[in-house]
>>> print(open('work25.cif').read())   # mmCIF, N, CA and C atoms
data_model
loop_
_atom_site.group_PDB
_atom_site.id
_atom_site.type_symbol
_atom_site.label_atom_id
_atom_site.label_comp_id
_atom_site.auth_asym_id
_atom_site.auth_seq_id
_atom_site.Cartn_x
_atom_site.Cartn_y
_atom_site.Cartn_z
ATOM 1 N N MET A 1 114.515 148.514 165.380
ATOM 2 C CA MET A 1 115.848 148.316 164.860
ATOM 3 C C MET A 1 116.632 147.327 165.728
ATOM 4 N N THR A 2 116.427 147.369 167.021
ATOM 5 C CA THR A 2 117.195 146.499 167.902
ATOM 6 C C THR A 2 116.387 145.327 168.447
ATOM 7 N N THR A 3 115.141 145.194 168.042
ATOM 8 C CA THR A 3 114.332 144.100 168.556
ATOM 9 C C THR A 3 114.654 142.804 167.805
ATOM 10 N N LEU A 4 114.543 141.711 168.521
ATOM 11 C CA LEU A 4 114.778 140.393 167.958
ATOM 12 C C LEU A 4 113.565 139.511 168.186
ATOM 13 N N HIS A 5 113.469 138.468 167.398
ATOM 14 C CA HIS A 5 112.472 137.448 167.682
ATOM 15 C C HIS A 5 112.885 136.748 168.969
ATOM 16 N N GLU A 6 111.927 136.283 169.724
ATOM 17 C CA GLU A 6 112.249 135.530 170.943
ATOM 18 C C GLU A 6 112.886 134.189 170.601
ATOM 19 N N ASN A 7 112.299 133.492 169.616
ATOM 20 C CA ASN A 7 112.765 132.163 169.211
ATOM 21 C C ASN A 7 112.841 132.101 167.696
ATOM 22 N N CYS A 8 113.637 131.153 167.233
ATOM 23 C CA CYS A 8 113.732 130.918 165.800
ATOM 24 C C CYS A 8 112.406 130.325 165.309
ATOM 25 N N PRO A 9 111.835 130.843 164.219
ATOM 26 C CA PRO A 9 110.565 130.305 163.743
ATOM 27 C C PRO A 9 110.664 128.880 163.204
ATOM 28 N N LYS A 10 111.868 128.439 162.851
ATOM 29 C CA LYS A 10 112.016 127.112 162.265
ATOM 30 C C LYS A 10 112.353 126.041 163.307
ATOM 31 N N CYS A 11 113.339 126.338 164.170
ATOM 32 C CA CYS A 11 113.792 125.303 165.109
ATOM 33 C C CYS A 11 113.481 125.635 166.571
ATOM 34 N N ASN A 12 112.870 126.776 166.825
ATOM 35 C CA ASN A 12 112.473 127.224 168.162
ATOM 36 C C ASN A 12 113.669 127.477 169.083
ATOM 37 N N PHE A 13 114.825 127.807 168.504
ATOM 38 C CA PHE A 13 116.009 128.132 169.288
ATOM 39 C C PHE A 13 115.801 129.473 169.980
ATOM 40 N N LYS A 14 116.116 129.536 171.263
ATOM 41 C CA LYS A 14 115.953 130.778 172.030
ATOM 42 C C LYS A 14 117.172 131.665 171.788
ATOM 43 N N TYR A 15 116.948 132.851 171.185
ATOM 44 C CA TYR A 15 118.052 133.731 170.836
ATOM 45 C C TYR A 15 118.723 134.361 172.053
ATOM 46 N N MET A 16 117.950 134.808 173.017
ATOM 47 C CA MET A 16 118.515 135.435 174.204
ATOM 48 C C MET A 16 118.844 134.335 175.200
ATOM 49 N N MET A 17 120.026 133.739 175.040
ATOM 50 C CA MET A 17 120.414 132.592 175.849
ATOM 51 C C MET A 17 120.584 132.964 177.316
ATOM 52 N N GLU A 18 121.016 134.168 177.569
ATOM 53 C CA GLU A 18 121.166 134.658 178.940
ATOM 54 C C GLU A 18 120.949 136.169 178.915
ATOM 55 N N PRO A 19 120.648 136.764 180.054
ATOM 56 C CA PRO A 19 120.451 138.217 180.071
ATOM 57 C C PRO A 19 121.710 138.941 179.572
ATOM 58 N N SER A 20 121.508 139.927 178.777
ATOM 59 C CA SER A 20 122.588 140.765 178.234
ATOM 60 C C SER A 20 123.551 139.989 177.345
ATOM 61 N N PHE A 21 123.086 138.951 176.689
ATOM 62 C CA PHE A 21 123.947 138.139 175.829
ATOM 63 C C PHE A 21 124.544 138.970 174.704
ATOM 64 N N PHE A 22 123.780 139.887 174.152
ATOM 65 C CA PHE A 22 124.227 140.619 172.973
ATOM 66 C C PHE A 22 125.048 141.858 173.301
ATOM 67 N N PHE A 23 125.456 142.043 174.559
ATOM 68 C CA PHE A 23 126.363 143.147 174.875
ATOM 69 C C PHE A 23 127.693 142.973 174.137
ATOM 70 N N GLY A 24 128.126 141.761 173.966
ATOM 71 C CA GLY A 24 129.368 141.500 173.239
ATOM 72 C C GLY A 24 129.288 141.903 171.783
ATOM 73 N N ALA A 25 128.078 141.969 171.243
ATOM 74 C CA ALA A 25 127.905 142.388 169.855
ATOM 75 C C ALA A 25 128.298 143.850 169.660
ATOM 76 N N MET A 26 128.362 144.614 170.738
ATOM 77 C CA MET A 26 128.797 146.012 170.633
ATOM 78 C C MET A 26 130.249 146.074 170.164
ATOM 79 N N TYR A 27 131.081 145.134 170.618
ATOM 80 C CA TYR A 27 132.475 145.112 170.186
ATOM 81 C C TYR A 27 132.575 144.749 168.707
ATOM 82 N N VAL A 28 131.751 143.823 168.285
ATOM 83 C CA VAL A 28 131.721 143.452 166.874
ATOM 84 C C VAL A 28 131.229 144.629 166.037
ATOM 85 N N ASN A 29 130.205 145.335 166.528
ATOM 86 C CA ASN A 29 129.684 146.490 165.821
ATOM 87 C C ASN A 29 130.739 147.587 165.720
ATOM 88 N N TYR A 30 131.510 147.777 166.780
ATOM 89 C CA TYR A 30 132.590 148.763 166.756
ATOM 90 C C TYR A 30 133.609 148.413 165.673
ATOM 91 N N ALA A 31 133.995 147.143 165.596
ATOM 92 C CA ALA A 31 134.959 146.716 164.579
ATOM 93 C C ALA A 31 134.403 146.902 163.171
ATOM 94 N N LEU A 32 133.125 146.566 162.982
ATOM 95 C CA LEU A 32 132.493 146.772 161.677
ATOM 96 C C LEU A 32 132.443 148.254 161.312
ATOM 97 N N ALA A 33 132.114 149.089 162.287
ATOM 98 C CA ALA A 33 132.016 150.527 162.035
ATOM 99 C C ALA A 33 133.379 151.114 161.681
ATOM 100 N N VAL A 34 134.427 150.722 162.389
ATOM 101 C CA VAL A 34 135.770 151.231 162.089
ATOM 102 C C VAL A 34 136.198 150.797 160.691
ATOM 103 N N ALA A 35 135.960 149.539 160.345
ATOM 104 C CA ALA A 35 136.303 149.058 159.003
ATOM 105 C C ALA A 35 135.518 149.827 157.938
ATOM 106 N N LEU A 36 134.246 150.091 158.216
ATOM 107 C CA LEU A 36 133.411 150.860 157.286
ATOM 108 C C LEU A 36 133.923 152.288 157.147
ATOM 109 N N PHE A 37 134.290 152.918 158.252
ATOM 110 C CA PHE A 37 134.796 154.291 158.212
ATOM 111 C C PHE A 37 136.090 154.372 157.407
ATOM 112 N N ILE A 38 136.977 153.424 157.611
ATOM 113 C CA ILE A 38 138.243 153.420 156.872
ATOM 114 C C ILE A 38 137.992 153.225 155.381
ATOM 115 N N ALA A 39 137.092 152.311 155.047
ATOM 116 C CA ALA A 39 136.779 152.068 153.636
ATOM 117 C C ALA A 39 136.158 153.300 152.988
ATOM 118 N N ILE A 40 135.244 153.956 153.680
ATOM 119 C CA ILE A 40 134.610 155.158 153.131
ATOM 120 C C ILE A 40 135.642 156.264 152.962
ATOM 121 N N PHE A 41 136.523 156.421 153.949
ATOM 122 C CA PHE A 41 137.539 157.461 153.848
ATOM 123 C C PHE A 41 138.460 157.214 152.669
ATOM 124 N N ILE A 42 138.900 155.977 152.482
ATOM 125 C CA ILE A 42 139.790 155.669 151.360
ATOM 126 C C ILE A 42 139.090 155.919 150.031
ATOM 127 N N ILE A 43 137.835 155.499 149.934
ATOM 128 C CA ILE A 43 137.086 155.725 148.697
ATOM 129 C C ILE A 43 136.900 157.214 148.449
ATOM 130 N N ALA A 44 136.513 157.967 149.489
ATOM 131 C CA ALA A 44 136.246 159.397 149.319
ATOM 132 C C ALA A 44 137.515 160.194 149.054
ATOM 133 N N LYS A 45 138.565 159.899 149.766
ATOM 134 C CA LYS A 45 139.791 160.689 149.665
ATOM 135 C C LYS A 45 140.650 160.269 148.483
ATOM 136 N N VAL A 46 140.904 158.980 148.349
ATOM 137 C CA VAL A 46 141.846 158.517 147.332
ATOM 138 C C VAL A 46 141.198 158.411 145.958
ATOM 139 N N PHE A 47 140.059 157.736 145.879
ATOM 140 C CA PHE A 47 139.455 157.478 144.574
ATOM 141 C C PHE A 47 138.627 158.643 144.043
ATOM 142 N N ILE A 48 137.881 159.303 144.921
ATOM 143 C CA ILE A 48 137.038 160.412 144.465
ATOM 144 C C ILE A 48 137.771 161.746 144.571
ATOM 145 N N GLY A 49 138.712 161.870 145.523
ATOM 146 C CA GLY A 49 139.499 163.089 145.651
ATOM 147 C C GLY A 49 138.836 164.177 146.477
ATOM 148 N N LEU A 50 137.996 163.789 147.440
ATOM 149 C CA LEU A 50 137.337 164.775 148.287
ATOM 150 C C LEU A 50 138.299 165.303 149.337
ATOM 151 N N SER A 51 137.965 166.461 149.883
ATOM 152 C CA SER A 51 138.779 167.019 150.962
ATOM 153 C C SER A 51 138.514 166.239 152.250
ATOM 154 N N ILE A 52 139.301 166.535 153.290
ATOM 155 C CA ILE A 52 139.138 165.852 154.576
ATOM 156 C C ILE A 52 137.745 166.122 155.146
ATOM 157 N N LEU A 53 137.282 167.365 155.070
ATOM 158 C CA LEU A 53 135.958 167.715 155.594
ATOM 159 C C LEU A 53 134.855 166.978 154.850
ATOM 160 N N HIS A 54 134.938 166.951 153.527
ATOM 161 C CA HIS A 54 133.919 166.254 152.746
ATOM 162 C C HIS A 54 133.978 164.739 152.960
ATOM 163 N N SER A 55 135.176 164.221 153.174
ATOM 164 C CA SER A 55 135.312 162.795 153.491
ATOM 165 C C SER A 55 134.652 162.484 154.827
ATOM 166 N N PHE A 56 134.843 163.361 155.806
ATOM 167 C CA PHE A 56 134.213 163.180 157.112
ATOM 168 C C PHE A 56 132.694 163.245 156.999
ATOM 169 N N ILE A 57 132.186 164.176 156.214
ATOM 170 C CA ILE A 57 130.738 164.284 156.002
ATOM 171 C C ILE A 57 130.204 163.014 155.337
ATOM 172 N N ALA A 58 130.951 162.465 154.381
ATOM 173 C CA ALA A 58 130.538 161.213 153.727
ATOM 174 C C ALA A 58 130.501 160.069 154.728
ATOM 175 N N ILE A 59 131.487 160.020 155.633
ATOM 176 C CA ILE A 59 131.516 158.980 156.658
ATOM 177 C C ILE A 59 130.296 159.080 157.561
ATOM 178 N N VAL A 60 129.947 160.294 157.987
ATOM 179 C CA VAL A 60 128.800 160.488 158.875
ATOM 180 C C VAL A 60 127.504 160.092 158.185
ATOM 181 N N ILE A 61 127.327 160.509 156.953
ATOM 182 C CA ILE A 61 126.088 160.214 156.226
ATOM 183 C C ILE A 61 125.935 158.707 155.995
ATOM 184 N N VAL A 62 126.992 158.059 155.520
ATOM 185 C CA VAL A 62 126.912 156.621 155.248
ATOM 186 C C VAL A 62 126.721 155.838 156.542
ATOM 187 N N SER A 63 127.390 156.255 157.616
ATOM 188 C CA SER A 63 127.234 155.524 158.879
ATOM 189 C C SER A 63 125.823 155.668 159.441
ATOM 190 N N LEU A 64 125.205 156.826 159.278
ATOM 191 C CA LEU A 64 123.819 156.991 159.724
ATOM 192 C C LEU A 64 122.865 156.119 158.922
ATOM 193 N N ILE A 65 123.131 156.000 157.641
ATOM 194 C CA ILE A 65 122.272 155.183 156.784
ATOM 195 C C ILE A 65 122.445 153.692 157.086
ATOM 196 N N LEU A 66 123.689 153.262 157.332
ATOM 197 C CA LEU A 66 123.972 151.838 157.494
ATOM 198 C C LEU A 66 123.950 151.350 158.944
ATOM 199 N N THR A 67 123.641 152.212 159.902
ATOM 200 C CA THR A 67 123.610 151.796 161.307
ATOM 201 C C THR A 67 122.665 150.620 161.564
ATOM 202 N N PRO A 68 121.430 150.626 161.060
ATOM 203 C CA PRO A 68 120.564 149.462 161.312
ATOM 204 C C PRO A 68 121.147 148.155 160.759
ATOM 205 N N ILE A 69 121.807 148.232 159.628
ATOM 206 C CA ILE A 69 122.383 147.038 159.022
ATOM 207 C C ILE A 69 123.568 146.540 159.838
ATOM 208 N N THR A 70 124.434 147.446 160.293
ATOM 209 C CA THR A 70 125.609 147.011 161.055
ATOM 210 C C THR A 70 125.216 146.471 162.429
ATOM 211 N N ILE A 71 124.164 147.006 163.017
ATOM 212 C CA ILE A 71 123.701 146.476 164.310
ATOM 213 C C ILE A 71 123.212 145.046 164.145
ATOM 214 N N ARG A 72 122.388 144.807 163.147
ATOM 215 C CA ARG A 72 121.889 143.449 162.903
ATOM 216 C C ARG A 72 123.016 142.490 162.539
ATOM 217 N N LEU A 73 123.922 142.956 161.678
ATOM 218 C CA LEU A 73 125.032 142.116 161.255
ATOM 219 C C LEU A 73 125.933 141.762 162.432
ATOM 220 N N SER A 74 126.169 142.699 163.324
ATOM 221 C CA SER A 74 127.015 142.409 164.486
ATOM 222 C C SER A 74 126.361 141.386 165.404
ATOM 223 N N ARG A 75 125.048 141.435 165.546
ATOM 224 C CA ARG A 75 124.356 140.425 166.358
ATOM 225 C C ARG A 75 124.414 139.051 165.700
ATOM 226 N N ILE A 76 124.311 139.021 164.390
ATOM 227 C CA ILE A 76 124.402 137.749 163.670
ATOM 228 C C ILE A 76 125.795 137.154 163.837
ATOM 229 N N ILE A 77 126.817 137.977 163.680
ATOM 230 C CA ILE A 77 128.186 137.502 163.844
ATOM 231 C C ILE A 77 128.411 137.022 165.272
ATOM 232 N N TRP A 78 127.925 137.783 166.259
ATOM 233 C CA TRP A 78 128.138 137.435 167.665
ATOM 234 C C TRP A 78 127.500 136.090 168.013
ATOM 235 N N ILE A 79 126.262 135.871 167.602
ATOM 236 C CA ILE A 79 125.597 134.613 167.962
ATOM 237 C C ILE A 79 126.219 133.439 167.220
ATOM 238 N N ASN A 80 126.748 133.675 166.009
ATOM 239 C CA ASN A 80 127.388 132.593 165.270
ATOM 240 C C ASN A 80 128.747 132.223 165.841
ATOM 241 N N LEU A 81 129.306 133.045 166.694
ATOM 242 C CA LEU A 81 130.536 132.668 167.385
ATOM 243 C C LEU A 81 130.280 131.605 168.442
ATOM 244 N N PHE A 82 129.059 131.545 168.951
ATOM 245 C CA PHE A 82 128.732 130.655 170.062
ATOM 246 C C PHE A 82 127.807 129.505 169.696
ATOM 247 N N VAL A 83 127.055 129.647 168.626
ATOM 248 C CA VAL A 83 126.060 128.639 168.252
ATOM 249 C C VAL A 83 126.347 128.186 166.827
ATOM 250 N N SER A 84 126.420 126.880 166.620
ATOM 251 C CA SER A 84 126.599 126.373 165.265
ATOM 252 C C SER A 84 125.280 125.780 164.775
ATOM 253 N N TYR A 85 125.076 125.887 163.506
ATOM 254 C CA TYR A 85 123.850 125.389 162.890
ATOM 255 C C TYR A 85 124.116 124.015 162.312
ATOM 256 N N LYS A 86 123.270 123.056 162.667
ATOM 257 C CA LYS A 86 123.374 121.706 162.127
ATOM 258 C C LYS A 86 122.056 121.359 161.447
ATOM 259 N N LYS A 87 122.159 120.917 160.219
ATOM 260 C CA LYS A 87 120.963 120.549 159.485
ATOM 261 C C LYS A 87 120.419 119.222 159.989
ATOM 262 N N ASP A 88 119.110 119.112 159.968
ATOM 263 C CA ASP A 88 118.470 117.845 160.324
ATOM 264 C C ASP A 88 118.669 116.834 159.194
ATOM 265 N N ALA A 89 118.503 115.568 159.531
ATOM 266 C CA ALA A 89 118.618 114.515 158.526
ATOM 267 C C ALA A 89 117.540 114.659 157.464
ATOM 268 N N LYS A 90 116.354 115.110 157.882
ATOM 269 C CA LYS A 90 115.265 115.315 156.926
ATOM 270 C C LYS A 90 115.616 116.399 155.932
ATOM 271 N N GLU A 91 116.250 117.482 156.392
ATOM 272 C CA GLU A 91 116.638 118.569 155.482
ATOM 273 C C GLU A 91 117.704 118.102 154.507
ATOM 274 N N LEU A 92 118.649 117.287 154.981
ATOM 275 C CA LEU A 92 119.695 116.791 154.105
ATOM 276 C C LEU A 92 119.125 115.879 153.020
ATOM 277 N N GLN A 93 118.136 115.043 153.384
ATOM 278 C CA GLN A 93 117.526 114.149 152.400
ATOM 279 C C GLN A 93 116.701 114.929 151.396
ATOM 280 N N SER A 94 116.034 115.993 151.827
ATOM 281 C CA SER A 94 115.187 116.746 150.913
ATOM 282 C C SER A 94 116.028 117.543 149.920
ATOM 283 N N GLU A 95 117.285 117.860 150.270
ATOM 284 C CA GLU A 95 118.139 118.595 149.350
ATOM 285 C C GLU A 95 118.689 117.704 148.245
ATOM 286 N N LYS A 96 118.761 116.402 148.479
ATOM 287 C CA LYS A 96 119.336 115.472 147.490
ATOM 288 C C LYS A 96 118.408 115.183 146.385
#
>>> encode(input="work25.cif", output="structure tokens")
Amino acid sequence: MTTLHENCPKCNFKYMMEPSFFFGAMYVNYALAVALFIAIFIIAKVFIGLSILHSFIAIVIVSLILTPITIRLSRIIWINLFVSYKKDAKELQSEK
């Protein structure tokens, strides 16, 4: 769940630019998790009409299911804050 490729298979970019680079992704993951919890609570409480306890149970179940996705997504967001992708001239010509 938390393993990454060492390098990009297409451009050979090294993902782990420095030791512990992805520690910052924990903050992004926290923000994603809080946003997810709030969205689940609003859906469960307001739209479905569940009690507070059932809303909490829904939050726990959905967060357990979506944890692998939010971890990967937070790493993707974190690395895109520091690295920009530029297409090669060959790729641009092949798209035309």
>>> atom_distance(input="work25.cif", atom1="atom C of Met17 of chain A", atom2="atom CA of Ser74 of chain A")
17.2 Å
>>> residues_around(input="work25.cif", residues="segment 77-87 of chain A", least_positions_apart="6", cutoff="7 Å", atoms="all atoms listed in the file", output="ChimeraX atom specification")
/A:24-25,28
>>> residues_around(input="work25.cif", residues="segment 61-73 of chain A", least_positions_apart="6", cutoff="8 Å", atoms="all atoms listed in the file", output="list in words")
Met1, Thr2, Ala25, Val28, Asn29, Tyr30, Leu32, Ala33, Leu36, Phe37, Ser55 and Ile79 of chain A
>>> atom_distance(input="work25.cif", atom1="atom CA of Met26 of chain A", atom2="atom C of Thr3 of chain A")
14.8 Å
>>> atom_distance(input="work25.cif", atom1="atom CA of Ala35 of chain A", atom2="atom CA of Arg75 of chain A")
16.5 Å
>>> select_by_dssp(input="work25.cif", residues="chain A", states="helix (DSSP H, G or I)", output="PyMOL selection string")
chain A and resi 21-48+52-82+89-95
>>> axis_aligned_box(input="work25.cif", around="segment 37-46 of chain A", padding_each_side="5 Å", output="AutoDock Vina command-line options")
--center_x 138.1 --center_y 156.4 --center_z 152.1 --size_x 17.6 --size_y 18.6 --size_z 22.3
>>> resolve_selection(input="work25.cif", expression="the PyMOL selection byres (((chain A and resi 15 and name CA) around 10) and name CA)", output="PDB file with N, CA and C atoms, in the frame of the given file")
ATOM      1  N   LEU A   4     114.543 141.711 168.521  1.00  0.00           N
ATOM      2  CA  LEU A   4     114.778 140.393 167.958  1.00  0.00           C
ATOM      3  C   LEU A   4     113.565 139.511 168.186  1.00  0.00           C
ATOM      4  N   HIS A   5     113.469 138.468 167.398  1.00  0.00           N
ATOM      5  CA  HIS A   5     112.472 137.448 167.682  1.00  0.00           C
ATOM      6  C   HIS A   5     112.885 136.748 168.969  1.00  0.00           C
ATOM      7  N   GLU A   6     111.927 136.283 169.724  1.00  0.00           N
ATOM      8  CA  GLU A   6     112.249 135.530 170.943  1.00  0.00           C
ATOM      9  C   GLU A   6     112.886 134.189 170.601  1.00  0.00           C
ATOM     10  N   ASN A   7     112.299 133.492 169.616  1.00  0.00           N
ATOM     11  CA  ASN A   7     112.765 132.163 169.211  1.00  0.00           C
ATOM     12  C   ASN A   7     112.841 132.101 167.696  1.00  0.00           C
ATOM     13  N   CYS A   8     113.637 131.153 167.233  1.00  0.00           N
ATOM     14  CA  CYS A   8     113.732 130.918 165.800  1.00  0.00           C
ATOM     15  C   CYS A   8     112.406 130.325 165.309  1.00  0.00           C
ATOM     16  N   ASN A  12     112.870 126.776 166.825  1.00  0.00           N
ATOM     17  CA  ASN A  12     112.473 127.224 168.162  1.00  0.00           C
ATOM     18  C   ASN A  12     113.669 127.477 169.083  1.00  0.00           C
ATOM     19  N   PHE A  13     114.825 127.807 168.504  1.00  0.00           N
ATOM     20  CA  PHE A  13     116.009 128.132 169.288  1.00  0.00           C
ATOM     21  C   PHE A  13     115.801 129.473 169.980  1.00  0.00           C
ATOM     22  N   LYS A  14     116.116 129.536 171.263  1.00  0.00           N
ATOM     23  CA  LYS A  14     115.953 130.778 172.030  1.00  0.00           C
ATOM     24  C   LYS A  14     117.172 131.665 171.788  1.00  0.00           C
ATOM     25  N   MET A  16     117.950 134.808 173.017  1.00  0.00           N
ATOM     26  CA  MET A  16     118.515 135.435 174.204  1.00  0.00           C
ATOM     27  C   MET A  16     118.844 134.335 175.200  1.00  0.00           C
ATOM     28  N   MET A  17     120.026 133.739 175.040  1.00  0.00           N
ATOM     29  CA  MET A  17     120.414 132.592 175.849  1.00  0.00           C
ATOM     30  C   MET A  17     120.584 132.964 177.316  1.00  0.00           C
ATOM     31  N   GLU A  18     121.016 134.168 177.569  1.00  0.00           N
ATOM     32  CA  GLU A  18     121.166 134.658 178.940  1.00  0.00           C
ATOM     33  C   GLU A  18     120.949 136.169 178.915  1.00  0.00           C
ATOM     34  N   PHE A  21     123.086 138.951 176.689  1.00  0.00           N
ATOM     35  CA  PHE A  21     123.947 138.139 175.829  1.00  0.00           C
ATOM     36  C   PHE A  21     124.544 138.970 174.704  1.00  0.00           C
ATOM     37  N   PHE A  22     123.780 139.887 174.152  1.00  0.00           N
ATOM     38  CA  PHE A  22     124.227 140.619 172.973  1.00  0.00           C
ATOM     39  C   PHE A  22     125.048 141.858 173.301  1.00  0.00           C
ATOM     40  N   ILE A  79     126.262 135.871 167.602  1.00  0.00           N
ATOM     41  CA  ILE A  79     125.597 134.613 167.962  1.00  0.00           C
ATOM     42  C   ILE A  79     126.219 133.439 167.220  1.00  0.00           C
ATOM     43  N   VAL A  83     127.055 129.647 168.626  1.00  0.00           N
ATOM     44  CA  VAL A  83     126.060 128.639 168.252  1.00  0.00           C
ATOM     45  C   VAL A  83     126.347 128.186 166.827  1.00  0.00           C
TER      46      VAL A  83
END
>>> build_atoms(input="work25.cif", residues="segment 35-54 of chain A", atoms="N, CA, C and O atoms", output="PDB file, in the frame of the given file")
ATOM      1  N   ALA A  35     135.960 149.539 160.345  1.00  0.00           N
ATOM      2  CA  ALA A  35     136.303 149.058 159.003  1.00  0.00           C
ATOM      3  C   ALA A  35     135.518 149.827 157.938  1.00  0.00           C
ATOM      4  O   ALA A  35     136.072 150.202 156.893  1.00  0.00           O
ATOM      5  N   LEU A  36     134.246 150.091 158.216  1.00  0.00           N
ATOM      6  CA  LEU A  36     133.411 150.860 157.286  1.00  0.00           C
ATOM      7  C   LEU A  36     133.923 152.288 157.147  1.00  0.00           C
ATOM      8  O   LEU A  36     134.017 152.817 156.029  1.00  0.00           O
ATOM      9  N   PHE A  37     134.290 152.918 158.252  1.00  0.00           N
ATOM     10  CA  PHE A  37     134.796 154.291 158.212  1.00  0.00           C
ATOM     11  C   PHE A  37     136.090 154.372 157.407  1.00  0.00           C
ATOM     12  O   PHE A  37     136.274 155.302 156.613  1.00  0.00           O
ATOM     13  N   ILE A  38     136.977 153.424 157.611  1.00  0.00           N
ATOM     14  CA  ILE A  38     138.243 153.420 156.872  1.00  0.00           C
ATOM     15  C   ILE A  38     137.992 153.225 155.381  1.00  0.00           C
ATOM     16  O   ILE A  38     138.581 153.911 154.544  1.00  0.00           O
ATOM     17  N   ALA A  39     137.092 152.311 155.047  1.00  0.00           N
ATOM     18  CA  ALA A  39     136.779 152.068 153.636  1.00  0.00           C
ATOM     19  C   ALA A  39     136.158 153.300 152.988  1.00  0.00           C
ATOM     20  O   ALA A  39     136.525 153.676 151.863  1.00  0.00           O
ATOM     21  N   ILE A  40     135.244 153.956 153.680  1.00  0.00           N
ATOM     22  CA  ILE A  40     134.610 155.158 153.131  1.00  0.00           C
ATOM     23  C   ILE A  40     135.642 156.264 152.962  1.00  0.00           C
ATOM     24  O   ILE A  40     135.649 156.977 151.950  1.00  0.00           O
ATOM     25  N   PHE A  41     136.523 156.421 153.949  1.00  0.00           N
ATOM     26  CA  PHE A  41     137.539 157.461 153.848  1.00  0.00           C
ATOM     27  C   PHE A  41     138.460 157.214 152.669  1.00  0.00           C
ATOM     28  O   PHE A  41     138.778 158.142 151.911  1.00  0.00           O
ATOM     29  N   ILE A  42     138.900 155.977 152.482  1.00  0.00           N
ATOM     30  CA  ILE A  42     139.790 155.669 151.360  1.00  0.00           C
ATOM     31  C   ILE A  42     139.090 155.919 150.031  1.00  0.00           C
ATOM     32  O   ILE A  42     139.670 156.504 149.113  1.00  0.00           O
ATOM     33  N   ILE A  43     137.835 155.499 149.934  1.00  0.00           N
ATOM     34  CA  ILE A  43     137.086 155.725 148.697  1.00  0.00           C
ATOM     35  C   ILE A  43     136.900 157.214 148.449  1.00  0.00           C
ATOM     36  O   ILE A  43     137.115 157.707 147.333  1.00  0.00           O
ATOM     37  N   ALA A  44     136.513 157.967 149.489  1.00  0.00           N
ATOM     38  CA  ALA A  44     136.246 159.397 149.319  1.00  0.00           C
ATOM     39  C   ALA A  44     137.515 160.194 149.054  1.00  0.00           C
ATOM     40  O   ALA A  44     137.521 161.086 148.204  1.00  0.00           O
ATOM     41  N   LYS A  45     138.565 159.899 149.766  1.00  0.00           N
ATOM     42  CA  LYS A  45     139.791 160.689 149.665  1.00  0.00           C
ATOM     43  C   LYS A  45     140.650 160.269 148.483  1.00  0.00           C
ATOM     44  O   LYS A  45     141.080 161.112 147.694  1.00  0.00           O
ATOM     45  N   VAL A  46     140.904 158.980 148.349  1.00  0.00           N
ATOM     46  CA  VAL A  46     141.846 158.517 147.332  1.00  0.00           C
ATOM     47  C   VAL A  46     141.198 158.411 145.958  1.00  0.00           C
ATOM     48  O   VAL A  46     141.723 158.924 144.969  1.00  0.00           O
ATOM     49  N   PHE A  47     140.059 157.736 145.879  1.00  0.00           N
ATOM     50  CA  PHE A  47     139.455 157.478 144.574  1.00  0.00           C
ATOM     51  C   PHE A  47     138.627 158.643 144.043  1.00  0.00           C
ATOM     52  O   PHE A  47     138.660 158.923 142.852  1.00  0.00           O
ATOM     53  N   ILE A  48     137.881 159.303 144.921  1.00  0.00           N
ATOM     54  CA  ILE A  48     137.038 160.412 144.465  1.00  0.00           C
ATOM     55  C   ILE A  48     137.771 161.746 144.571  1.00  0.00           C
ATOM     56  O   ILE A  48     137.502 162.659 143.812  1.00  0.00           O
ATOM     57  N   GLY A  49     138.712 161.870 145.523  1.00  0.00           N
ATOM     58  CA  GLY A  49     139.499 163.089 145.651  1.00  0.00           C
ATOM     59  C   GLY A  49     138.836 164.177 146.477  1.00  0.00           C
ATOM     60  O   GLY A  49     139.101 165.360 146.267  1.00  0.00           O
ATOM     61  N   LEU A  50     137.996 163.789 147.440  1.00  0.00           N
ATOM     62  CA  LEU A  50     137.337 164.775 148.287  1.00  0.00           C
ATOM     63  C   LEU A  50     138.299 165.303 149.337  1.00  0.00           C
ATOM     64  O   LEU A  50     139.307 164.674 149.664  1.00  0.00           O
ATOM     65  N   SER A  51     137.965 166.461 149.883  1.00  0.00           N
ATOM     66  CA  SER A  51     138.779 167.019 150.962  1.00  0.00           C
ATOM     67  C   SER A  51     138.514 166.239 152.250  1.00  0.00           C
ATOM     68  O   SER A  51     137.611 165.400 152.308  1.00  0.00           O
ATOM     69  N   ILE A  52     139.301 166.535 153.290  1.00  0.00           N
ATOM     70  CA  ILE A  52     139.138 165.852 154.576  1.00  0.00           C
ATOM     71  C   ILE A  52     137.745 166.122 155.146  1.00  0.00           C
ATOM     72  O   ILE A  52     137.082 165.205 155.646  1.00  0.00           O
ATOM     73  N   LEU A  53     137.282 167.365 155.070  1.00  0.00           N
ATOM     74  CA  LEU A  53     135.958 167.715 155.594  1.00  0.00           C
ATOM     75  C   LEU A  53     134.855 166.978 154.850  1.00  0.00           C
ATOM     76  O   LEU A  53     133.940 166.422 155.467  1.00  0.00           O
ATOM     77  N   HIS A  54     134.938 166.951 153.527  1.00  0.00           N
ATOM     78  CA  HIS A  54     133.919 166.254 152.746  1.00  0.00           C
ATOM     79  C   HIS A  54     133.978 164.739 152.960  1.00  0.00           C
ATOM     80  O   HIS A  54     132.953 164.062 152.938  1.00  0.00           O
TER      81      HIS A  54
END
